[in-house]
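Enquirer: What follows is the file coords-v4.txt, containing compact mmCIF, C-alpha atoms:
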# COMPACT_ATOMS: atom_id res chain seq x y z
CA MET A 1 -1.70 -8.92 -16.11
CA LYS A 2 -3.45 -12.25 -16.45
CA HIS A 3 -6.40 -12.98 -14.23
CA ARG A 4 -8.51 -15.85 -13.09
CA ARG A 5 -12.11 -16.72 -12.44
CA PRO A 6 -13.40 -16.08 -8.87
CA ARG A 7 -13.55 -19.19 -6.73
CA PRO A 8 -16.91 -20.79 -5.82
CA ARG A 9 -16.52 -19.78 -2.16
CA ARG A 10 -16.54 -16.10 -3.13
CA ARG A 11 -19.57 -16.59 -5.37
CA ALA A 12 -21.46 -18.20 -2.51
CA VAL A 13 -20.67 -15.31 -0.23
CA ALA A 14 -21.68 -12.83 -2.89
CA ARG A 15 -25.08 -14.45 -3.35
CA ALA A 16 -25.73 -13.91 0.33
CA VAL A 17 -25.86 -10.17 -0.26
CA GLY A 18 -27.48 -10.29 -3.65
CA SER A 19 -24.67 -9.91 -6.18
CA ALA A 20 -21.05 -10.97 -6.67
CA SER A 21 -20.00 -7.66 -8.14
CA VAL A 22 -21.45 -5.59 -5.30
CA LEU A 23 -19.76 -7.69 -2.62
CA ALA A 24 -16.48 -7.57 -4.51
CA VAL A 25 -16.71 -3.80 -4.64
CA ALA A 26 -17.64 -3.54 -0.98
CA LEU A 27 -14.75 -5.74 0.11
CA GLY A 28 -12.20 -4.33 -2.27
CA VAL A 29 -11.78 -7.61 -4.15
CA GLY A 30 -10.35 -6.99 -7.61
CA MET A 31 -12.79 -8.45 -10.14
CA THR A 32 -11.35 -7.04 -13.33
CA PRO A 33 -12.78 -7.56 -16.83
CA ALA A 34 -10.11 -10.19 -17.44
CA MET A 35 -11.24 -12.09 -14.37
CA ALA A 36 -14.84 -11.92 -15.49
CA ALA A 37 -13.76 -13.40 -18.80
CA GLY A 38 -12.30 -16.34 -16.92
CA LYS A 39 -8.66 -15.85 -17.87
CA THR A 40 -6.42 -17.95 -15.66
CA SER A 41 -2.91 -17.21 -14.61
CA ALA A 42 -1.29 -20.02 -12.66
CA THR A 43 1.65 -21.91 -14.08
CA PRO A 44 2.38 -25.23 -12.34
CA THR A 45 6.03 -26.06 -11.73
CA ALA A 46 7.91 -28.80 -9.95
CA THR A 47 7.86 -26.73 -6.76
CA GLY A 48 4.26 -25.54 -6.99
CA PHE A 49 3.87 -22.27 -8.90
CA SER A 50 6.45 -20.13 -10.61
CA PRO A 51 7.33 -16.75 -9.11
CA ASP A 52 6.03 -15.13 -12.32
CA GLU A 53 2.44 -16.27 -11.83
CA PRO A 54 -0.05 -16.20 -8.95
CA ASP A 55 -1.22 -19.38 -7.30
CA PRO A 56 -4.94 -19.75 -8.15
CA ASP A 57 -5.90 -20.79 -4.62
CA THR A 58 -4.70 -17.70 -2.77
CA ASN A 59 -6.24 -14.54 -1.40
CA TRP A 60 -2.88 -12.75 -1.60
CA ALA A 61 -2.51 -12.81 -5.39
CA PRO A 62 -2.43 -9.24 -6.75
CA GLU A 63 -5.74 -9.40 -8.57
CA ASN A 64 -7.40 -9.30 -5.15
CA ASP A 65 -5.88 -5.95 -4.20
CA GLU A 66 -8.60 -3.57 -5.27
CA ALA A 67 -12.06 -2.98 -6.71
CA PRO A 68 -12.83 -2.69 -10.44
CA LEU A 69 -12.71 0.66 -12.16
CA THR A 70 -16.16 0.66 -13.64
CA LYS A 71 -18.90 2.48 -11.77
CA GLN A 72 -20.88 0.11 -9.59
CA SER A 73 -24.35 0.48 -8.12
CA VAL A 74 -24.83 0.40 -4.39
CA ARG A 75 -27.16 -2.11 -2.80
CA PRO A 76 -30.85 -1.13 -3.18
CA GLU A 77 -31.16 -0.52 0.54
CA ALA A 78 -28.18 1.82 0.46
CA ALA A 79 -29.44 3.62 -2.64
CA ALA A 80 -32.76 4.24 -0.90
CA SER A 81 -31.02 5.68 2.14
CA SER A 82 -32.18 9.10 3.25
CA ARG A 83 -28.64 10.07 4.27
CA THR A 84 -27.51 13.47 3.09
CA ALA A 85 -24.04 14.96 3.09
CA ALA A 86 -24.79 16.52 6.45
CA SER A 87 -25.68 13.14 8.00
CA ALA A 88 -23.22 10.99 6.09
CA LEU A 89 -21.31 8.25 7.80
CA GLN A 90 -18.10 9.90 9.01
CA LEU A 91 -15.18 7.51 8.79
CA LYS A 92 -12.41 7.79 11.36
CA MET A 93 -8.88 6.51 11.00
CA PRO A 94 -6.38 5.36 13.65
CA ALA A 95 -4.37 8.22 15.15
CA PRO A 96 -0.56 8.06 14.98
CA THR A 97 1.22 6.73 18.05
CA GLY A 98 4.62 8.41 17.78
CA PRO A 99 5.73 11.42 19.84
CA ASN A 100 5.57 13.96 17.00
CA SER A 101 2.81 15.84 15.21
CA VAL A 102 2.57 15.10 11.49
CA GLY A 103 2.87 17.36 8.47
CA MET A 104 1.99 16.54 4.90
CA VAL A 105 2.45 17.94 1.41
CA GLY A 106 1.44 16.55 -1.98
CA LEU A 107 3.73 16.92 -4.98
CA HIS A 108 3.15 16.62 -8.72
CA LEU A 109 6.27 15.15 -10.31
CA VAL A 110 6.94 14.89 -14.04
CA ASP A 111 9.66 12.61 -15.44
CA SER A 112 10.68 14.18 -18.75
CA SER A 113 13.08 11.33 -19.42
CA ARG A 114 10.41 8.64 -19.54
CA THR A 115 7.32 8.01 -21.63
CA ASP A 116 4.22 6.89 -19.76
CA PRO A 117 4.01 3.19 -20.66
CA TYR A 118 0.23 3.16 -20.51
CA VAL A 119 -0.91 6.31 -22.34
CA GLY A 120 2.20 7.92 -23.83
CA GLY A 121 3.46 11.40 -23.06
CA LYS A 122 5.69 12.29 -20.13
CA ARG A 123 5.42 10.08 -17.07
CA GLU A 124 3.66 11.88 -14.21
CA VAL A 125 3.15 10.74 -10.63
CA MET A 126 1.57 12.18 -7.52
CA VAL A 127 3.19 11.62 -4.14
CA SER A 128 2.43 12.57 -0.56
CA LEU A 129 5.22 13.44 1.87
CA TRP A 130 4.51 12.72 5.55
CA TYR A 131 6.94 14.02 8.16
CA PRO A 132 7.30 15.00 11.82
CA ALA A 133 6.07 18.57 12.18
CA THR A 134 6.02 21.46 14.60
CA ALA A 135 3.63 24.42 14.88
CA THR A 136 0.68 22.64 13.23
CA SER A 137 -1.79 25.33 14.30
CA GLY A 138 -3.29 27.01 11.26
CA HIS A 139 -2.43 24.13 8.94
CA TYR A 140 -5.51 22.16 7.95
CA GLN A 141 -5.62 18.38 8.13
CA ALA A 142 -5.28 16.69 4.76
CA PRO A 143 -8.19 14.48 3.68
CA TRP A 144 -7.61 10.76 3.22
CA MET A 145 -8.14 11.37 -0.50
CA PRO A 146 -8.83 14.61 -2.42
CA SER A 147 -12.50 15.33 -3.16
CA ILE A 148 -12.68 14.26 -6.81
CA SER A 149 -10.60 11.10 -6.56
CA GLY A 150 -12.31 10.37 -3.23
CA ALA A 151 -15.76 10.57 -4.84
CA HIS A 152 -14.60 8.19 -7.58
CA TYR A 153 -13.17 5.83 -4.96
CA LEU A 154 -16.46 5.74 -3.04
CA THR A 155 -18.50 5.17 -6.18
CA THR A 156 -16.39 2.23 -7.29
CA HIS A 157 -16.76 0.79 -3.80
CA GLY A 158 -20.56 0.89 -3.92
CA MET A 159 -21.09 4.12 -1.98
CA SER A 160 -21.38 7.85 -2.58
CA PRO A 161 -20.06 11.07 -1.00
CA GLN A 162 -23.62 11.73 0.19
CA GLN A 163 -23.53 8.53 2.21
CA VAL A 164 -19.92 8.43 3.40
CA THR A 165 -17.48 11.16 4.38
CA LEU A 166 -13.88 10.06 4.04
CA PRO A 167 -11.73 10.81 7.10
CA LYS A 168 -9.24 13.52 7.76
CA THR A 169 -5.68 12.36 8.27
CA ALA A 170 -3.24 13.44 10.95
CA GLY A 171 -1.18 15.25 8.30
CA HIS A 172 -1.26 19.03 8.65
CA VAL A 173 -0.72 20.49 5.19
CA LEU A 174 2.53 22.48 4.85
CA ALA A 175 3.22 22.46 8.58
CA PRO A 176 6.92 23.21 9.19
CA VAL A 177 9.22 20.22 9.46
CA LYS A 178 10.55 19.52 12.95
CA THR A 179 14.15 20.32 12.12
CA SER A 180 15.33 19.71 15.68
CA LEU A 181 15.23 16.00 14.80
CA GLY A 182 17.98 16.50 12.25
CA LYS A 183 17.98 14.72 8.91
CA LEU A 184 15.08 12.28 8.59
CA PRO A 185 15.45 8.75 7.24
CA VAL A 186 13.29 8.29 4.15
CA LEU A 187 10.72 5.55 3.54
CA LEU A 188 8.88 5.03 0.24
CA TYR A 189 5.54 3.23 0.00
CA SER A 190 4.07 1.38 -2.98
CA THR A 191 0.49 0.12 -2.76
CA GLY A 192 -1.49 -2.78 -4.22
CA LEU A 193 -2.51 -3.37 -7.82
CA HIS A 194 -5.03 -0.75 -9.00
CA SER A 195 -4.95 0.66 -5.48
CA ASP A 196 -4.26 4.22 -4.32
CA ARG A 197 -1.42 5.62 -2.24
CA ALA A 198 -4.05 6.51 0.37
CA GLN A 199 -4.28 2.82 1.31
CA GLY A 200 -1.00 3.14 3.20
CA THR A 201 -1.95 6.26 5.17
CA ALA A 202 -2.41 4.66 8.61
CA LEU A 203 1.10 3.23 8.44
CA ALA A 204 2.70 6.25 6.75
CA GLN A 205 1.47 8.88 9.18
CA ASP A 206 2.44 6.70 12.14
CA LEU A 207 5.99 6.26 10.84
CA ALA A 208 6.12 10.03 10.27
CA SER A 209 5.11 10.60 13.88
CA ARG A 210 8.09 8.41 14.85
CA GLY A 211 10.54 10.62 12.96
CA TYR A 212 10.55 9.34 9.37
CA LEU A 213 9.97 11.16 6.09
CA VAL A 214 7.48 8.83 4.39
CA VAL A 215 6.67 9.19 0.70
CA THR A 216 3.53 7.43 -0.54
CA VAL A 217 3.49 7.01 -4.32
CA ASP A 218 0.60 6.73 -6.76
CA HIS A 219 1.58 4.75 -9.85
CA THR A 220 -0.49 6.63 -12.42
CA HIS A 221 -2.71 4.61 -14.80
CA ASP A 222 -2.07 1.55 -12.64
CA ALA A 223 -3.86 3.18 -9.70
CA ASN A 224 -7.65 3.26 -9.80
CA GLU A 225 -7.75 7.03 -9.54
CA VAL A 226 -5.15 9.79 -9.17
CA GLN A 227 -6.12 13.44 -8.75
CA PHE A 228 -3.68 15.95 -10.23
CA PRO A 229 -3.64 19.74 -9.82
CA GLY A 230 -6.40 21.51 -11.72
CA ASN A 231 -8.90 18.83 -10.66
CA ARG A 232 -7.62 16.47 -13.34
CA LEU A 233 -8.50 12.85 -12.63
CA GLU A 234 -6.46 10.04 -14.17
CA LEU A 235 -7.87 6.52 -14.02
CA ASN A 236 -6.53 3.00 -14.51
CA ARG A 237 -5.43 2.68 -18.13
CA MET A 238 -3.43 -0.51 -17.81
CA PRO A 239 -3.96 -2.66 -20.92
CA PRO A 240 -5.55 -6.09 -20.39
CA GLY A 241 -2.99 -8.84 -20.11
CA THR A 242 -0.20 -6.64 -18.72
CA HIS A 243 2.18 -8.99 -16.95
CA SER A 244 2.96 -8.48 -13.28
CA SER A 245 6.72 -8.40 -13.85
CA ASP A 246 6.28 -5.58 -16.39
CA THR A 247 4.13 -3.66 -13.91
CA LEU A 248 6.81 -4.02 -11.24
CA LYS A 249 9.51 -2.66 -13.56
CA ILE A 250 7.37 0.43 -14.16
CA ARG A 251 6.80 0.86 -10.42
CA ALA A 252 10.50 0.44 -9.70
CA ALA A 253 11.31 3.13 -12.26
CA ASP A 254 8.73 5.39 -10.59
CA ILE A 255 10.41 4.84 -7.22
CA LYS A 256 13.89 5.60 -8.56
CA PHE A 257 12.55 8.79 -10.14
CA VAL A 258 10.90 9.86 -6.88
CA ILE A 259 14.16 9.28 -5.00
CA ASN A 260 15.93 11.49 -7.54
CA GLN A 261 13.38 14.23 -6.87
CA LEU A 262 13.98 13.92 -3.13
CA GLY A 263 17.64 14.45 -3.90
CA LYS A 264 16.76 17.71 -5.61
CA ILE A 265 14.83 18.83 -2.53
CA SER A 266 17.80 17.99 -0.31
CA THR A 267 19.99 20.36 -2.34
CA GLY A 268 17.49 23.22 -2.21
CA GLY A 269 15.51 22.55 -5.37
CA ASN A 270 11.77 22.27 -5.89
CA PRO A 271 10.81 19.39 -8.21
CA ASP A 272 7.06 20.05 -8.12
CA ALA A 273 5.81 20.61 -11.67
CA GLY A 274 3.94 23.75 -10.60
CA HIS A 275 6.62 24.86 -8.14
CA ALA A 276 4.15 24.46 -5.30
CA THR A 277 5.20 25.72 -1.90
CA LEU A 278 7.28 23.27 0.11
CA PRO A 279 7.15 23.00 3.91
CA ALA A 280 9.64 25.11 5.81
CA GLY A 281 12.66 23.06 6.84
CA LEU A 282 12.10 20.27 4.31
CA LYS A 283 15.28 20.71 2.28
CA GLN A 284 17.60 20.30 5.25
CA SER A 285 15.63 17.33 6.59
CA VAL A 286 15.95 14.79 3.75
CA ASP A 287 18.55 12.14 4.56
CA MET A 288 19.57 10.66 1.21
CA SER A 289 21.94 8.24 2.96
CA ARG A 290 19.17 6.38 4.81
CA ILE A 291 16.42 5.23 2.47
CA GLY A 292 14.02 2.31 2.92
CA MET A 293 10.97 1.04 1.08
CA PHE A 294 7.87 -0.90 2.04
CA GLY A 295 4.80 -1.95 0.11
CA TRP A 296 1.63 -3.92 0.35
CA SER A 297 0.71 -6.78 -2.01
CA LEU A 298 1.90 -5.94 -5.53
CA GLY A 299 3.63 -2.93 -3.97
CA GLY A 300 5.44 -5.30 -1.63
CA GLY A 301 6.41 -7.38 -4.62
CA ALA A 302 7.87 -4.23 -6.17
CA VAL A 303 10.28 -3.64 -3.28
CA PRO A 304 13.11 -6.02 -4.33
CA THR A 305 12.69 -4.95 -7.97
CA ALA A 306 13.19 -1.34 -6.91
CA MET A 307 16.08 -2.25 -4.60
CA GLN A 308 17.88 -4.00 -7.45
CA LEU A 309 17.30 -1.01 -9.75
CA ASP A 310 18.37 1.56 -7.16
CA LYS A 311 21.04 0.64 -4.61
CA ARG A 312 20.26 3.77 -2.59
CA ILE A 313 17.37 1.81 -1.07
CA GLY A 314 19.07 0.33 1.97
CA ALA A 315 16.27 -1.79 3.46
CA GLY A 316 12.95 -3.23 2.28
CA ALA A 317 9.76 -4.70 3.71
CA ASN A 318 7.04 -6.64 1.90
CA LEU A 319 3.56 -6.69 3.41
CA ASP A 320 1.96 -9.92 2.16
CA GLY A 321 2.85 -9.43 -1.50
CA GLN A 322 3.79 -12.09 -4.01
CA PHE A 323 7.03 -11.66 -5.96
CA PHE A 324 7.24 -11.69 -9.75
CA GLY A 325 9.78 -11.72 -12.53
CA THR A 326 13.49 -12.21 -11.94
CA ALA A 327 13.73 -10.30 -8.65
CA PRO A 328 13.23 -13.31 -6.32
CA SER A 329 16.03 -15.26 -7.99
CA LYS A 330 18.67 -12.52 -7.65
CA ASP A 331 20.81 -12.14 -4.55
CA LEU A 332 20.00 -9.14 -2.38
CA ASP A 333 22.53 -8.19 0.28
CA ARG A 334 20.50 -5.48 2.06
CA PRO A 335 18.11 -5.99 5.01
CA PHE A 336 14.69 -7.32 4.12
CA MET A 337 11.49 -8.14 6.02
CA LEU A 338 8.77 -10.54 4.92
CA PHE A 339 5.56 -9.72 6.81
CA SER A 340 2.63 -11.97 5.96
CA SER A 341 -0.96 -12.67 6.82
CA GLY A 342 -1.91 -15.68 8.88
CA THR A 343 -2.31 -18.06 5.95
CA HIS A 344 0.43 -16.87 3.60
CA ASN A 345 4.13 -17.54 3.88
CA ARG A 346 7.01 -19.49 2.43
CA ASN A 347 5.13 -22.74 2.96
CA ASN A 348 2.59 -21.90 0.23
CA ASP A 349 4.29 -19.24 -1.91
CA ALA A 350 7.14 -20.43 -4.09
CA SER A 351 8.15 -16.85 -4.83
CA TRP A 352 8.73 -16.25 -1.09
CA ARG A 353 10.78 -19.43 -0.75
CA THR A 354 12.92 -18.37 -3.69
CA MET A 355 13.31 -14.81 -2.42
CA TRP A 356 14.24 -16.01 1.07
CA SER A 357 17.06 -18.16 -0.29
CA HIS A 358 18.52 -15.15 -2.12
CA LEU A 359 18.42 -12.74 0.83
CA LYS A 360 22.09 -12.49 1.80
CA GLY A 361 21.83 -9.63 4.29
CA TYR A 362 19.80 -9.36 7.49
CA ARG A 363 16.44 -11.04 6.97
CA VAL A 364 13.33 -11.67 9.04
CA ASP A 365 10.10 -13.47 8.21
CA ILE A 366 7.08 -12.84 10.45
CA LYS A 367 3.44 -13.80 10.28
CA LEU A 368 0.40 -12.00 11.74
CA LYS A 369 -2.10 -14.46 13.19
CA GLY A 370 -5.72 -13.79 12.29
CA ALA A 371 -4.81 -11.36 9.50
CA ALA A 372 -5.84 -11.69 5.86
CA HIS A 373 -4.32 -10.15 2.74
CA LEU A 374 -6.46 -7.02 2.96
CA SER A 375 -5.52 -6.52 6.61
CA PHE A 376 -2.41 -4.67 5.43
CA CYS A 377 -4.20 -1.75 3.77
CA ASP A 378 -6.41 1.03 5.09
CA GLN A 379 -9.56 -0.88 4.19
CA GLU A 380 -8.82 -2.98 7.27
CA TRP A 381 -10.17 -0.18 9.46
CA MET A 382 -12.54 1.38 6.89
CA VAL A 383 -14.73 -1.54 5.85
CA PRO A 384 -15.89 -2.51 9.37
CA GLN A 385 -17.13 1.07 9.78
CA GLU A 386 -19.01 0.83 6.48
CA ALA A 387 -20.44 -2.64 7.14
CA GLY A 388 -23.89 -1.42 8.21
CA LEU A 389 -24.28 0.72 5.12
CA LEU A 390 -23.14 -2.08 2.83
CA GLY A 391 -25.10 -4.81 4.61
CA LEU A 392 -22.04 -6.92 5.40
CA SER A 393 -22.05 -9.44 8.21
CA LYS A 394 -19.15 -10.07 10.55
CA SER A 395 -18.40 -13.41 8.89
CA GLN A 396 -18.34 -11.80 5.44
CA ILE A 397 -15.86 -9.19 6.61
CA GLU A 398 -13.71 -11.81 8.32
CA GLN A 399 -13.46 -13.77 5.09
CA GLN A 400 -11.55 -10.90 3.49
CA TYR A 401 -10.04 -9.11 6.49
CA GLY A 402 -9.38 -11.94 8.88
CA THR A 403 -10.42 -12.42 12.49
CA ILE A 404 -7.93 -10.03 14.07
CA ASP A 405 -9.39 -6.84 15.53
CA PRO A 406 -8.80 -4.01 13.00
CA ALA A 407 -7.26 -1.65 15.57
CA ARG A 408 -4.97 -4.40 16.79
CA ALA A 409 -3.94 -5.31 13.23
CA VAL A 410 -2.90 -1.72 12.54
CA GLN A 411 -1.11 -1.41 15.88
CA VAL A 412 0.98 -4.56 15.42
CA GLN A 413 1.93 -3.67 11.85
CA ARG A 414 3.03 -0.20 12.96
CA VAL A 415 5.16 -1.52 15.79
CA TYR A 416 6.99 -4.17 13.75
CA LEU A 417 7.54 -1.96 10.70
CA ALA A 418 9.02 0.72 12.95
CA ALA A 419 11.17 -1.86 14.74
CA PHE A 420 12.55 -3.12 11.43
CA PHE A 421 13.39 0.28 9.99
CA ASP A 422 14.68 1.58 13.34
CA GLN A 423 17.10 -1.33 13.42
CA THR A 424 18.18 -1.23 9.78
CA LEU A 425 18.24 2.52 9.06
CA ARG A 426 18.74 4.03 12.50
CA ARG A 427 20.92 1.25 13.93
CA LYS A 428 18.67 0.93 16.97
CA HIS A 429 18.44 -2.73 17.87
CA SER A 430 14.90 -3.97 18.61
CA THR A 431 14.39 -7.06 20.75
CA LEU A 432 11.02 -7.48 19.03
CA LEU A 433 12.88 -8.82 16.00
CA ASP A 434 14.82 -11.40 18.03
CA GLY A 435 11.86 -13.72 18.53
CA PRO A 436 8.31 -14.08 19.91
CA SER A 437 7.07 -11.40 22.30
CA SER A 438 4.45 -11.87 25.03
CA LYS A 439 3.29 -8.33 24.27
CA TYR A 440 2.50 -9.26 20.66
CA PRO A 441 1.47 -12.92 20.70
CA GLU A 442 -0.12 -12.52 17.26
CA ILE A 443 3.35 -12.41 15.70
CA SER A 444 5.15 -15.65 14.94
CA PHE A 445 8.57 -16.06 13.32
CA VAL A 446 9.00 -18.33 10.34
CA ARG A 447 12.42 -19.91 10.76
Written as structure tokens, that's how I'd like the structure from this file.
Expert:
Amino acid sequence: MKHRRPRPRRRAVARAVGSASVLAVALGVGMTPAMAAGKTSATPTATGFSPDEPDPDTNWAPENDEAPLTKQSVRPEAAASSRTAASALQLKMPAPTGPNSVGMVGLHLVDSSRTDPYVGGKREVMVSLWYPATATSGHYQAPWMPSISGAHYLTTHGMSPQQVTLPKTAGHVLAPVKTSLGKLPVLLYSTGLHSDRAQGTALAQDLASRGYLVVTVDHTHDANEVQFPGNRLELNRMPPGTHSSDTLKIRAADIKFVINQLGKISTGGNPDAGHATLPAGLKQSVDMSRIGMFGWSLGGGAVPTAMQLDKRIGAGANLDGQFFGTAPSKDLDRPFMLFSSGTHNRNNDASWRTMWSHLKGYRVDIKLKGAAHLSFCDQEWMVPQEAGLLGLSKSQIEQQYGTIDPARAVQVQRVYLAAFFDQTLRRKHSTLLDGPSSKYPEISFVR
């Protein structure tokens, strides 16, 4: 993917805390080697910028999704901290709001029919399945990220496991599926560029608590870090200059493969490469006739690409992601939601305007006031908790995460995502999608 040089405003902010690279790491801003080299990416067109290339004046372009891979040093004050593992900052994540407890299982899936486009060999992915559960007692809560990948994540974000303890999720590992709910509609999640599937956890576990089977997918060697069984850690191996549209094709193929593996589960099979234990009741709970997909940033951009590759995906939602390649210019007759930050929409993203004109099924375009691009990932609630350790001021956080309260941002996203998928997959009409609501004044409809 092509990248661009950071804008002067970001450099000014970075100087306020001593270094551009440290602030970028702390805020999750993707300053890749290509960006540092000053490679640009915007292609002017008669209508602004082509759907294949990011607009250089945006915060929602995919290169801003995540932190660089290389190990970064923490601020001197943080490095001198006397914190130990016992007194580390314990992060807490928003609890699910649905009526059901949540179960979780991680699966290692190997696609023998495809070669990994980044490193060769068979294509492997890790996924997490989140689902409504019963009898959670005795089933431990899954961590937000496994220990090895979690330590790498913290290090690349300017912290250490001695300073910060990543949170536990609401997902109880291998808890039995709540089969009394019948077959569960399936939702797949794709995250931002060089990001991890964990960044969608707050949304995934909430949707699971509302009765969905949610599958969060790590796109190996695109993701910053993926931990496989046997404590094997795979890092970002994406070659410099990889084009966004090529990345989306790879992600779409990953999604289609994962759906195929869910099909195997639904017929009594076990697709896990090591034949790991599956939760009781899972096989009879996968509804292959009701499948949706949502994604954040580049993952949101991957949704229509995946929907065009696999017609089993019956509804899609894009959380503030730009579109690339040919997907925006092809008609799509299935329900689709555009869900943007406060400063991003069809008025300043040519790819969204093009996509909107080709949506031939049910469509809705909403905007979250006060939100920024990074408001749609789990860093929205994490970074404010880490601010004291990283020496970040309120104004610095607001530059990247917007002015909306983090808890409120998560709440509103959960409610509107659920409303969309309830309406399109469960056929339960939601008045929230008809127009503005006094209960959620932060949401406006782009007509």
Enquirer: Nearest to Phe376 of chain A among A:Tyr118, A:Phe421, A:Trp296, A:Phe323, with distances taken over all atoms listed in the file: which residue is it?
Expert: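 When distances to Phe376 of chain A are compared using all atoms listed in the file, the smallest one comes from A:Trp296.
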Enquirer: Extract, using all atoms listed in the file, all DNA, RNA and protein residues at most 7 Å from Pro406 of chain A, discarding same-chain residues fewer than 2 positions from it, and format them as a VMD selection string.
Expert: chain A and resid 380 to 381 404 408 to 410
Enquirer: So that I have them on file, write out the residues from the current selection with C-alpha atoms, as a PDB file, in the frame of the given file.
Expert:
ATOM      1  CA  GLU A 380      -8.820  -2.980   7.270  1.00  0.00           C
ATOM      2  CA  TRP A 381     -10.170  -0.180   9.460  1.00  0.00           C
ATOM      3  CA  ILE A 404      -7.930 -10.030  14.070  1.00  0.00           C
ATOM      4  CA  ARG A 408      -4.970  -4.400  16.790  1.00  0.00           C
ATOM      5  CA  ALA A 409      -3.940  -5.310  13.230  1.00  0.00           C
ATOM      6  CA  VAL A 410      -2.900  -1.720  12.540  1.00  0.00           C
TER       7      VAL A 410
END
Enquirer: Would you list the contacts of Arg426 of chain A as a list in words, taking every protein, DNA or RNA residue within 10 Å and counting all atoms listed in the file, but skipping same-chain residues closer than 5 positions in sequence?
Expert: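 Residues meeting the cut-off are Leu184, Pro185, Arg290, Ala419, Phe420 and Phe421 of chain A.
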Enquirer: Write the residues of the selection above to a file with C-alpha atoms, as a PDB file, in the coordinates of the input.
Expert:
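Below you can see again-v1.pdb, which holds the result:
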ATOM      1  CA  LEU A 184      15.080  12.280   8.590  1.00  0.00           C
ATOM      2  CA  PRO A 185      15.450   8.750   7.240  1.00  0.00           C
ATOM      3  CA  ARG A 290      19.170   6.380   4.810  1.00  0.00           C
ATOM      4  CA  ALA A 419      11.170  -1.860  14.740  1.00  0.00           C
ATOM      5  CA  PHE A 420      12.550  -3.120  11.430  1.00  0.00           C
ATOM      6  CA  PHE A 421      13.390   0.280   9.990  1.00  0.00           C
TER       7      PHE A 421
END
Enquirer: Excluding same-chain residues fewer than 4 positions from Ser113 of chain A, what lies within 10 Å of it counting all atoms listed in the file, as a list of chain:residue names?
Expert: A:Lys122, A:Arg123, A:Phe257
Enquirer: I need the residue nearest Ser112 of chain A from this list: A:Met145, A:Ala88, A:Ile443, A:Ala273. Use all atoms listed in the file for the distance.
Expert: A:Ala273
Enquirer: To one decimal in Å, tell me the separation between atom CA of Thr97 of chain A and atom CA of Ala208 of chain A.
Expert: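 Between atom CA of Thr97 of chain A and atom CA of Ala208 of chain A the gap is 9.8 Å.
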Enquirer: So how many Å separate atom CA of Pro94 of chain A and atom CA of Ala202 of chain A, to one decimal?
Expert: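 Calculated distance between atom CA of Pro94 of chain A and atom CA of Ala202 of chain A is 6.5 Å.
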Enquirer: Using atom CA of Ser289 of chain A and atom CA of Arg334 of chain A as the two end points, give the distance in Å to one decimal.
Expert: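 Separation between atom CA of Ser289 of chain A and atom CA of Arg334 of chain A: 13.8 Å.
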Enquirer: Applying 6 Å and only C-alpha atoms, which residues near Asp320 of chain A remain after dropping the ones on its own chain fewer than 6 positions away? List them as a list in words.
Expert: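 Skipping anything fewer than 6 positions along the chain leaves Ser297, Phe339 and Ser340 of chain A.
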Enquirer: Starting from the point (18.6, -5.6, -6.6), work out which residues of protein, DNA or RNA have an atom no more than 8 Å away when counting only C-alpha atoms; state them as a ChimeraX atom specification.
Expert: /A:304-311,327,330-332
